[in-house]
file target-v6.txt (compact mmCIF, C-alpha atoms)
# COMPACT_ATOMS: atom_id res chain seq x y z
CA MET H 1 -8.80 -7.06 13.05
CA ARG H 2 -10.67 -4.14 14.62
CA TYR H 3 -9.43 -0.78 13.39
CA ASP H 4 -8.76 1.83 16.10
CA LEU H 5 -8.89 5.34 14.69
CA PHE H 6 -7.97 7.15 17.89
CA THR H 7 -4.66 5.84 19.26
CA GLN H 8 -1.38 4.85 17.65
CA HIS H 9 -0.52 1.16 17.52
CA THR H 10 2.50 -1.04 17.13
CA ILE H 11 2.78 -4.83 17.27
CA ARG H 12 2.68 -6.74 20.54
CA ALA H 13 5.52 -9.19 19.80
CA ASP H 14 8.31 -9.85 17.31
CA VAL H 15 7.41 -12.01 14.33
CA HIS H 16 9.66 -13.59 11.68
CA PHE H 17 8.98 -14.69 8.10
CA SER H 18 10.92 -15.49 4.93
CA GLY H 19 10.34 -15.72 1.21
CA ALA H 20 11.61 -14.83 -2.24
CA GLY H 21 11.31 -11.44 -3.91
CA LEU H 22 9.06 -11.23 -6.96
CA HIS H 23 11.60 -9.45 -9.14
CA THR H 24 15.00 -10.38 -7.69
CA GLY H 25 14.11 -13.97 -6.89
CA ALA H 26 16.41 -13.66 -3.85
CA ARG H 27 15.30 -15.25 -0.60
CA VAL H 28 15.12 -12.79 2.30
CA HIS H 29 14.36 -12.98 6.00
CA VAL H 30 12.18 -10.35 7.68
CA VAL H 31 11.70 -9.58 11.37
CA LEU H 32 8.91 -7.26 12.49
CA ARG H 33 9.50 -5.56 15.84
CA PRO H 34 7.53 -3.07 17.94
CA ALA H 35 8.45 0.60 17.58
CA PRO H 36 7.75 3.62 19.82
CA PRO H 37 5.06 6.26 19.16
CA ASP H 38 5.67 8.61 16.21
CA HIS H 39 8.39 6.31 14.85
CA GLY H 40 6.39 5.39 11.76
CA VAL H 41 6.96 2.30 9.65
CA VAL H 42 10.68 2.08 8.94
CA PHE H 43 12.64 -0.61 7.12
CA TYR H 44 16.14 -1.45 8.35
CA ARG H 45 18.56 -3.19 5.97
CA VAL H 46 20.35 -5.47 8.42
CA ASP H 47 22.52 -6.86 5.60
CA GLN H 48 24.15 -3.45 5.10
CA PRO H 49 26.87 -1.82 7.24
CA GLY H 50 25.33 0.30 9.97
CA THR H 51 21.84 -1.12 9.37
CA PRO H 52 20.61 1.89 7.36
CA ALA H 53 17.01 3.00 7.82
CA VAL H 54 14.57 3.45 4.93
CA PRO H 55 11.31 5.13 6.00
CA ALA H 56 8.15 3.75 4.38
CA ARG H 57 7.02 7.15 3.10
CA TYR H 58 5.83 8.56 -0.22
CA ASP H 59 8.74 11.04 -0.26
CA HIS H 60 11.23 8.16 -0.19
CA VAL H 61 9.80 6.38 -3.24
CA VAL H 62 12.67 6.04 -5.72
CA ASP H 63 11.18 3.77 -8.40
CA THR H 64 7.70 2.79 -9.59
CA ALA H 65 8.44 0.96 -12.85
CA LEU H 66 7.51 -2.58 -11.75
CA ALA H 67 6.62 -2.08 -8.10
CA THR H 68 6.89 0.55 -5.40
CA VAL H 69 10.51 0.91 -4.29
CA ILE H 70 11.53 3.06 -1.31
CA GLY H 71 15.09 4.20 -0.72
CA LYS H 72 17.42 6.51 1.14
CA ASN H 73 21.11 7.29 0.61
CA GLY H 74 21.44 4.63 -2.06
CA VAL H 75 19.85 1.84 0.02
CA SER H 76 16.44 0.59 -1.09
CA VAL H 77 13.67 -1.91 -0.42
CA ALA H 78 11.44 -2.97 -3.31
CA THR H 79 7.88 -4.25 -3.66
CA VAL H 80 6.56 -2.88 -0.37
CA GLU H 81 2.98 -2.19 -1.51
CA HIS H 82 1.29 -5.47 -0.52
CA PHE H 83 2.87 -5.36 2.93
CA MET H 84 1.98 -1.70 3.40
CA ALA H 85 -1.65 -2.38 2.47
CA ALA H 86 -1.85 -4.92 5.30
CA VAL H 87 -0.09 -2.54 7.70
CA ARG H 88 -2.48 0.33 6.97
CA VAL H 89 -5.64 -1.76 7.14
CA ALA H 90 -4.47 -3.36 10.39
CA GLY H 91 -4.19 0.13 11.89
CA LEU H 92 -0.45 -0.02 12.59
CA ASP H 93 1.37 3.28 12.90
CA ASN H 94 4.79 2.30 14.24
CA LEU H 95 6.81 -0.68 13.14
CA ARG H 96 10.44 -1.69 12.80
CA VAL H 97 10.93 -3.91 9.73
CA GLU H 98 14.32 -5.61 9.69
CA ILE H 99 15.14 -7.14 6.31
CA ASP H 100 18.33 -8.79 5.03
CA GLY H 101 17.80 -8.07 1.33
CA ALA H 102 16.64 -5.53 -1.22
CA GLU H 103 13.07 -6.74 -1.80
CA MET H 104 10.16 -7.78 0.38
CA PRO H 105 9.04 -11.38 -0.05
CA VAL H 106 6.13 -11.75 -2.45
CA LEU H 107 4.72 -14.76 -0.58
CA ASP H 108 1.55 -15.72 -2.50
CA GLY H 109 1.36 -12.43 -4.43
CA SER H 110 -1.39 -10.92 -2.28
CA ALA H 111 -1.74 -9.14 1.06
CA LYS H 112 -3.42 -12.04 2.86
CA PRO H 113 -0.24 -13.65 4.26
CA PHE H 114 0.89 -10.27 5.59
CA LEU H 115 -2.43 -9.79 7.38
CA GLU H 116 -2.03 -13.23 8.95
CA ILE H 117 1.53 -12.39 10.06
CA LEU H 118 0.36 -9.15 11.67
CA GLN H 119 -2.49 -10.98 13.41
CA GLU H 120 0.07 -13.44 14.78
CA ALA H 121 2.15 -10.54 16.14
CA GLY H 122 -0.91 -8.86 17.70
CA LEU H 123 -1.61 -5.15 18.05
CA GLN H 124 -0.48 -3.02 20.97
CA PRO H 125 -2.15 0.35 21.65
CA GLN H 126 0.22 3.17 22.55
CA GLU H 127 -0.07 6.29 24.68
CA ALA H 128 -0.20 8.64 21.69
CA PRO H 129 -3.07 9.98 19.56
CA LYS H 130 -3.42 8.99 15.94
CA LYS H 131 -3.45 11.83 13.40
CA CYS H 132 -5.63 11.80 10.30
CA LEU H 133 -5.57 13.73 7.04
CA ARG H 134 -8.67 14.80 5.15
CA VAL H 135 -8.69 15.90 1.52
CA ASN H 136 -9.48 19.60 1.49
CA HIS H 137 -10.62 20.23 -2.09
CA PRO H 138 -11.01 18.36 -5.40
CA PHE H 139 -8.12 17.92 -7.82
CA MET H 140 -6.82 15.45 -10.41
CA VAL H 141 -3.48 13.98 -11.47
CA SER H 142 -3.10 12.40 -14.89
CA GLN H 143 -0.69 10.88 -17.37
CA GLY H 144 -1.96 10.19 -20.87
CA ASP H 145 -5.37 8.56 -20.54
CA ALA H 146 -4.68 7.48 -16.96
CA TYR H 147 -5.91 9.65 -14.11
CA ILE H 148 -6.85 9.83 -10.45
CA LYS H 149 -9.58 12.22 -9.37
CA VAL H 150 -9.73 13.22 -5.71
CA ALA H 151 -12.58 14.77 -3.72
CA PRO H 152 -13.22 15.53 -0.04
CA SER H 153 -14.95 12.79 1.94
CA ASP H 154 -15.41 11.77 5.56
CA GLU H 155 -14.36 8.21 4.66
CA LEU H 156 -11.80 6.52 2.46
CA ARG H 157 -13.56 5.52 -0.76
CA ILE H 158 -11.79 4.09 -3.81
CA CYS H 159 -13.29 3.54 -7.26
CA TYR H 160 -10.76 1.87 -9.56
CA THR H 161 -11.07 1.00 -13.26
CA ILE H 162 -8.67 -1.01 -15.41
CA ASP H 163 -8.77 -1.85 -19.11
CA PHE H 164 -6.55 -4.54 -20.63
CA PRO H 165 -6.96 -6.03 -24.13
CA HIS H 166 -7.46 -9.61 -22.93
CA PRO H 167 -10.66 -11.69 -23.12
CA LEU H 168 -10.52 -12.59 -19.40
CA VAL H 169 -9.62 -9.11 -18.16
CA GLY H 170 -10.89 -6.32 -20.38
CA ARG H 171 -12.53 -3.42 -18.57
CA GLN H 172 -13.13 -4.01 -14.87
CA ALA H 173 -14.27 -1.61 -12.15
CA TYR H 174 -14.41 -1.99 -8.40
CA VAL H 175 -15.59 0.28 -5.58
CA TRP H 176 -14.32 -0.17 -2.03
CA LYS H 177 -14.95 1.77 1.16
CA PHE H 178 -12.49 1.45 4.00
CA ASP H 179 -13.38 -1.47 6.25
CA PRO H 180 -10.84 -4.00 7.61
CA GLY H 181 -13.32 -6.88 7.43
CA SER H 182 -14.20 -6.07 3.84
CA PHE H 183 -10.51 -5.77 2.95
CA ALA H 184 -9.74 -9.20 4.42
CA ARG H 185 -12.71 -10.77 2.67
CA ASP H 186 -12.85 -8.97 -0.67
CA LEU H 187 -9.36 -7.62 -1.47
CA ALA H 188 -6.56 -9.18 0.58
CA SER H 189 -6.42 -12.45 -1.40
CA ALA H 190 -6.27 -10.77 -4.83
CA ARG H 191 -2.88 -11.61 -6.37
CA THR H 192 -0.56 -9.65 -8.57
CA PHE H 193 -1.09 -10.52 -12.22
CA GLY H 194 0.70 -10.44 -15.53
CA PHE H 195 0.70 -11.69 -19.09
CA LEU H 196 2.92 -14.54 -20.23
CA ARG H 197 4.50 -12.56 -23.07
CA ASP H 198 5.45 -9.77 -20.64
CA VAL H 199 6.76 -12.19 -18.00
CA GLN H 200 8.98 -13.89 -20.56
CA SER H 201 10.32 -10.55 -21.73
CA LEU H 202 11.04 -9.40 -18.17
CA GLN H 203 12.79 -12.63 -17.23
CA SER H 204 14.96 -12.43 -20.32
CA ARG H 205 16.18 -9.09 -18.92
CA GLY H 206 16.86 -10.49 -15.47
CA LEU H 207 13.58 -9.24 -13.97
CA ALA H 208 10.56 -10.98 -12.42
CA LEU H 209 12.93 -13.81 -11.49
CA GLY H 210 10.86 -14.82 -8.47
CA GLY H 211 7.55 -14.88 -10.33
CA SER H 212 5.68 -18.15 -10.68
CA LEU H 213 2.16 -19.55 -10.72
CA GLU H 214 2.52 -19.87 -6.94
CA ASN H 215 2.64 -16.09 -6.44
CA ALA H 216 1.01 -14.45 -9.46
CA VAL H 217 -1.92 -14.82 -11.82
CA VAL H 218 -0.53 -15.35 -15.31
CA PHE H 219 -2.55 -15.10 -18.52
CA ASP H 220 -1.52 -16.38 -21.94
CA ASP H 221 -3.39 -15.00 -24.95
CA HIS H 222 -6.60 -16.84 -24.13
CA LYS H 223 -6.69 -18.30 -20.61
CA VAL H 224 -5.43 -18.29 -17.03
CA LEU H 225 -2.40 -20.55 -16.65
CA ASN H 226 -2.82 -21.08 -12.90
CA PRO H 227 -4.24 -24.58 -12.28
CA ASP H 228 -6.70 -23.29 -9.67
CA GLY H 229 -7.85 -20.37 -11.81
CA LEU H 230 -8.88 -17.02 -10.36
CA ARG H 231 -9.73 -16.35 -6.72
CA TYR H 232 -12.27 -13.70 -7.79
CA ARG H 233 -13.89 -13.22 -11.17
CA ASP H 234 -12.50 -9.67 -11.20
CA GLU H 235 -9.29 -10.48 -9.30
CA CYS H 236 -7.20 -8.12 -11.44
CA VAL H 237 -9.01 -4.91 -10.56
CA ARG H 238 -9.29 -5.98 -6.92
CA HIS H 239 -5.52 -6.33 -6.83
CA LYS H 240 -5.14 -2.85 -8.27
CA VAL H 241 -7.27 -1.51 -5.41
CA LEU H 242 -5.03 -3.45 -3.01
CA ASP H 243 -1.96 -1.84 -4.60
CA PHE H 244 -3.54 1.59 -4.24
CA VAL H 245 -4.28 1.01 -0.56
CA GLY H 246 -0.65 -0.03 -0.08
CA ASP H 247 0.70 3.01 -1.87
CA LEU H 248 -1.64 5.27 0.14
CA GLY H 249 -0.11 3.56 3.19
CA LEU H 250 3.11 5.44 2.39
CA CYS H 251 1.40 8.57 3.65
CA PRO H 252 2.39 8.72 7.34
CA PHE H 253 -1.25 9.20 8.37
CA PRO H 254 -4.60 7.64 7.44
CA VAL H 255 -6.18 9.61 4.59
CA PHE H 256 -9.89 10.33 4.20
CA GLY H 257 -11.08 11.19 0.72
CA ALA H 258 -12.84 9.86 -2.36
CA PHE H 259 -10.49 8.57 -5.06
CA GLU H 260 -11.48 7.67 -8.62
CA ALA H 261 -8.60 5.95 -10.42
CA HIS H 262 -8.61 4.99 -14.10
CA LYS H 263 -5.78 2.92 -15.61
CA ALA H 264 -3.44 4.24 -12.95
CA GLY H 265 -0.40 2.55 -11.41
CA HIS H 266 2.35 3.00 -8.85
CA ALA H 267 3.81 6.09 -10.54
CA LEU H 268 0.50 7.96 -10.56
CA HIS H 269 -0.29 6.77 -7.03
CA ASN H 270 2.94 8.38 -5.84
CA ARG H 271 2.35 11.59 -7.78
CA LEU H 272 -1.04 11.80 -6.10
CA LEU H 273 0.52 11.55 -2.62
CA ARG H 274 3.08 14.22 -3.44
CA HIS H 275 0.27 16.56 -4.49
CA LEU H 276 -1.70 15.75 -1.37
CA CYS H 277 1.08 16.14 1.15
CA GLU H 278 3.33 18.80 -0.35
CA ARG H 279 1.00 21.42 -1.83
CA PRO H 280 -0.55 24.00 0.50
CA GLY H 281 -4.20 23.43 1.31
CA TYR H 282 -4.69 20.08 -0.41
CA VAL H 283 -5.15 18.24 2.90
CA ARG H 284 -5.52 19.20 6.51
CA PHE H 285 -5.10 17.46 9.81
CA VAL H 286 -8.35 16.67 11.57
CA PRO H 287 -8.85 15.34 15.10
CA ALA H 288 -9.55 11.62 15.14
CA THR H 289 -12.56 12.36 17.32
CA VAL H 290 -14.43 13.88 14.36
CA MET H 291 -13.71 11.02 11.95
CA PRO H 292 -15.46 9.26 10.33
CA PRO H 293 -18.82 10.94 11.19
CA ARG H 294 -20.37 12.94 8.39
CA SER H 295 -20.00 16.25 10.19
CA VAL H 296 -16.42 17.47 10.19
CA ALA H 297 -15.06 20.46 12.07
CA PRO H 298 -14.76 23.69 10.03
CA PRO H 299 -11.54 24.01 7.99
CA ARG H 300 -8.50 25.19 9.86
CA SER H 301 -5.10 26.31 8.66
CA THR H 302 -3.16 23.47 7.08
CA VAL H 303 -0.66 21.90 9.45
CA TYR H 304 2.36 20.55 7.63
CA TRP H 305 3.85 17.27 8.70
CA LYS H 306 7.60 17.10 9.25
CA PRO H 307 9.40 13.72 9.13
CA PRO H 308 10.37 12.48 12.60
CA VAL H 309 14.02 12.09 13.56
CA LEU H 310 14.77 8.40 13.22
CA PRO H 311 16.53 6.57 16.05
CA ALA H 312 20.05 5.39 15.36
CA GLY H 313 20.63 1.74 14.54
call {"tool": "encode", "arguments": {"input": "target-v6.txt", "output": "structure tokens"}}
result
Amino acid sequence: MRYDLFTQHTIRADVHFSGAGLHTGARVHVVLRPAPPDHGVVFYRVDQPGTPAVPARYDHVVDTALATVIGKNGVSVATVEHFMAAVRVAGLDNLRVEIDGAEMPVLDGSAKPFLEILQEAGLQPQEAPKKCLRVNHPFMVSQGDAYIKVAPSDELRICYTIDFPHPLVGRQAYVWKFDPGSFARDLASARTFGFLRDVQSLQSRGLALGGSLENAVVFDDHKVLNPDGLRYRDECVRHKVLDFVGDLGLCPFPVFGAFEAHKAGHALHNRLLRHLCERPGYVRFVPATVMPPRSVAPPRSTVYWKPPVLPAG
């Protein structure tokens, strides 16, 4: 896919897919449809009376314990991060996501199938300019020994570090600069991962019911249980970068900045976005025409984004 920074995009044609949710285990059917300019990415629960809308936005995140869950008026959609990573990297701004259940399909546990689905649908440019946000000054969010440091940059740059007490994981670090080709090659195939003792505990509590070696990397105390092993030597940290890209995708606009994340997760990702988008001066709109060159127009007054009025139905 070739990323267009200047105009808004939707998909060219409807596309359908199905699969089971990672945590519910329930099989759901999803239809992606084109949406008009400034609509944003919005999920519609077609299994609920009135087909309620759930905007894919950071300010509608209602749970981050096991995955990123968005919700509105008591209706939610879980595990949206892998899909949203593909949406953001593909350059999609407006999309209607019709789903007949409470969780997005996990598919193979990565973002690669979602990229392929979006490529099948095709991209359609729209007669509307794309807006971008640029980090305005450095700051940090933290919880315990986990943190995310943020600094101004004319590109999206992510440095992510994880540290797990396992002989095949341990401390891993990965640096990625925004590039759709690099994402497809180096990040999209990285699968969600977990440890056998944790999976067994979750399933005993009625969670992770859709998890299997077909859609997750699972470690016991000494080895990888998946017959085909790892897709990348450092697949775990690459997947964490993928998750971060997906959670950043819940900002309504592409974000330019340098992010250094250490032992973070969905909760800290969301706290970061709330700081960025809701505190005066932390980000500012910039014209797409000045991004991503190194020279950026002088700072202007912050322009606050207001959620669009969603169409009925």
call {"tool": "atom_distance", "arguments": {"input": "target-v6.txt", "atom1": "CA of Asp38 (chain H)", "atom2": "CA of Phe183 (chain H)"}}
result
25.4 Å
call {"tool": "residues_around", "arguments": {"input": "target-v6.txt", "residues": "Asp108 (chain H)", "least_positions_apart": "3", "cutoff": "8 Å", "atoms": "all atoms listed in the file", "output": "PyMOL selection string"}}
result
chain H and resi 113+191+214-216
call {"tool": "axis_aligned_box", "arguments": {"input": "target-v6.txt", "around": "region 242-247 of chain H", "padding_each_side": "8 Å", "output": "AutoDock Vina command-line options"}}
result
--center_x -2.2 --center_y -0.2 --center_z -2.3 --size_x 21.7 --size_y 22.5 --size_z 20.5
call {"tool": "closest_atom_pairs", "arguments": {"input": "target-v6.txt", "of": "region 215-251 of chain H", "to": "region 160-165 of chain H", "cutoff": "10 Å", "atoms": "only C-alpha atoms", "output": "tab-separated table"}}
result
residue	atom	partner	partner_atom	distance
H:Asp221	CA	H:Pro165	CA	9.7
H:Cys236	CA	H:Ile162	CA	8.3
H:Val237	CA	H:Ile162	CA	6.2
H:Arg238	CA	H:Tyr160	CA	8.4
H:Lys240	CA	H:Tyr160	CA	7.5
H:Val241	CA	H:Tyr160	CA	6.4
H:Phe244	CA	H:Tyr160	CA	9.0
call {"tool": "residues_around", "arguments": {"input": "target-v6.txt", "residues": "region 196-210 of chain H", "least_positions_apart": "6", "cutoff": "7 Å", "atoms": "all atoms listed in the file", "output": "list in words"}}
result
Ala20, Gly21, Leu22, His23, Thr24, Gly25, Val218, Phe219 and Asp220 of chain H
call {"tool": "closest_residue", "arguments": {"input": "target-v6.txt", "among": "H:Thr10, H:Thr79, H:Thr51, H:Ser18", "to": "Glu127 (chain H)", "atoms": "all atoms listed in the file"}}
result
H:Thr10
call {"tool": "closest_residue", "arguments": {"input": "target-v6.txt", "among": "H:Leu230, H:Gly194, H:Tyr282, H:Val97", "to": "His16 (chain H)", "atoms": "all atoms listed in the file"}}
result
H:Val97
call {"tool": "residues_around", "arguments": {"input": "target-v6.txt", "residues": "Val62 (chain H)", "least_positions_apart": "6", "cutoff": "6 Å", "atoms": "only C-alpha atoms", "output": "ChimeraX atom specification"}}
result
/H:69-71
call {"tool": "atom_distance", "arguments": {"input": "target-v6.txt", "atom1": "CA of Ile99 (chain H)", "atom2": "CA of Phe43 (chain H)"}}
result
7.0 Å
call {"tool": "closest_residue", "arguments": {"input": "target-v6.txt", "among": "H:Arg284, H:Arg233, H:His269, H:His29", "to": "Val61 (chain H)", "atoms": "only C-alpha atoms"}}
result
H:His269
call {"tool": "closest_residue", "arguments": {"input": "target-v6.txt", "among": "H:Ala67, H:Leu118, H:Ala173, H:Val224", "to": "Gly246 (chain H)", "atoms": "all atoms listed in the file"}}
result
H:Ala67
call {"tool": "residues_around", "arguments": {"input": "target-v6.txt", "residues": "region 128-131 of chain H", "least_positions_apart": "3", "cutoff": "9 Å", "atoms": "all atoms listed in the file", "output": "count of residues only"}}
result
17
call {"tool": "closest_residue", "arguments": {"input": "target-v6.txt", "among": "H:Asn226, H:Gln124, H:Asn136, H:Ser182", "to": "Leu95 (chain H)", "atoms": "all atoms listed in the file"}}
result
H:Gln124
call {"tool": "atom_distance", "arguments": {"input": "target-v6.txt", "atom1": "CA of Arg157 (chain H)", "atom2": "CA of Phe114 (chain H)"}}
result
22.3 Å
call {"tool": "residues_near_point", "arguments": {"input": "target-v6.txt", "point": "(3.0, -5.2, -1.1)", "cutoff": "8 Å", "atoms": "all atoms listed in the file", "output": "list in words"}}
result
Thr79, Val80, Glu81, His82, Phe83, Met84, Ala85, Met104, Val106, Ser110, Ala111, Asp243 and Gly246 of chain H
call {"tool": "closest_residue", "arguments": {"input": "target-v6.txt", "among": "H:Glu98, H:Glu103, H:Glu260, H:Glu155", "to": "Ser76 (chain H)", "atoms": "only C-alpha atoms"}}
result
H:Glu103
call {"tool": "residues_around", "arguments": {"input": "target-v6.txt", "residues": "Leu268 (chain H)", "least_positions_apart": "2", "cutoff": "8 Å", "atoms": "all atoms listed in the file", "output": "PyMOL selection string"}}
result
chain H and resi 141-143+147-148+264-266+270-272
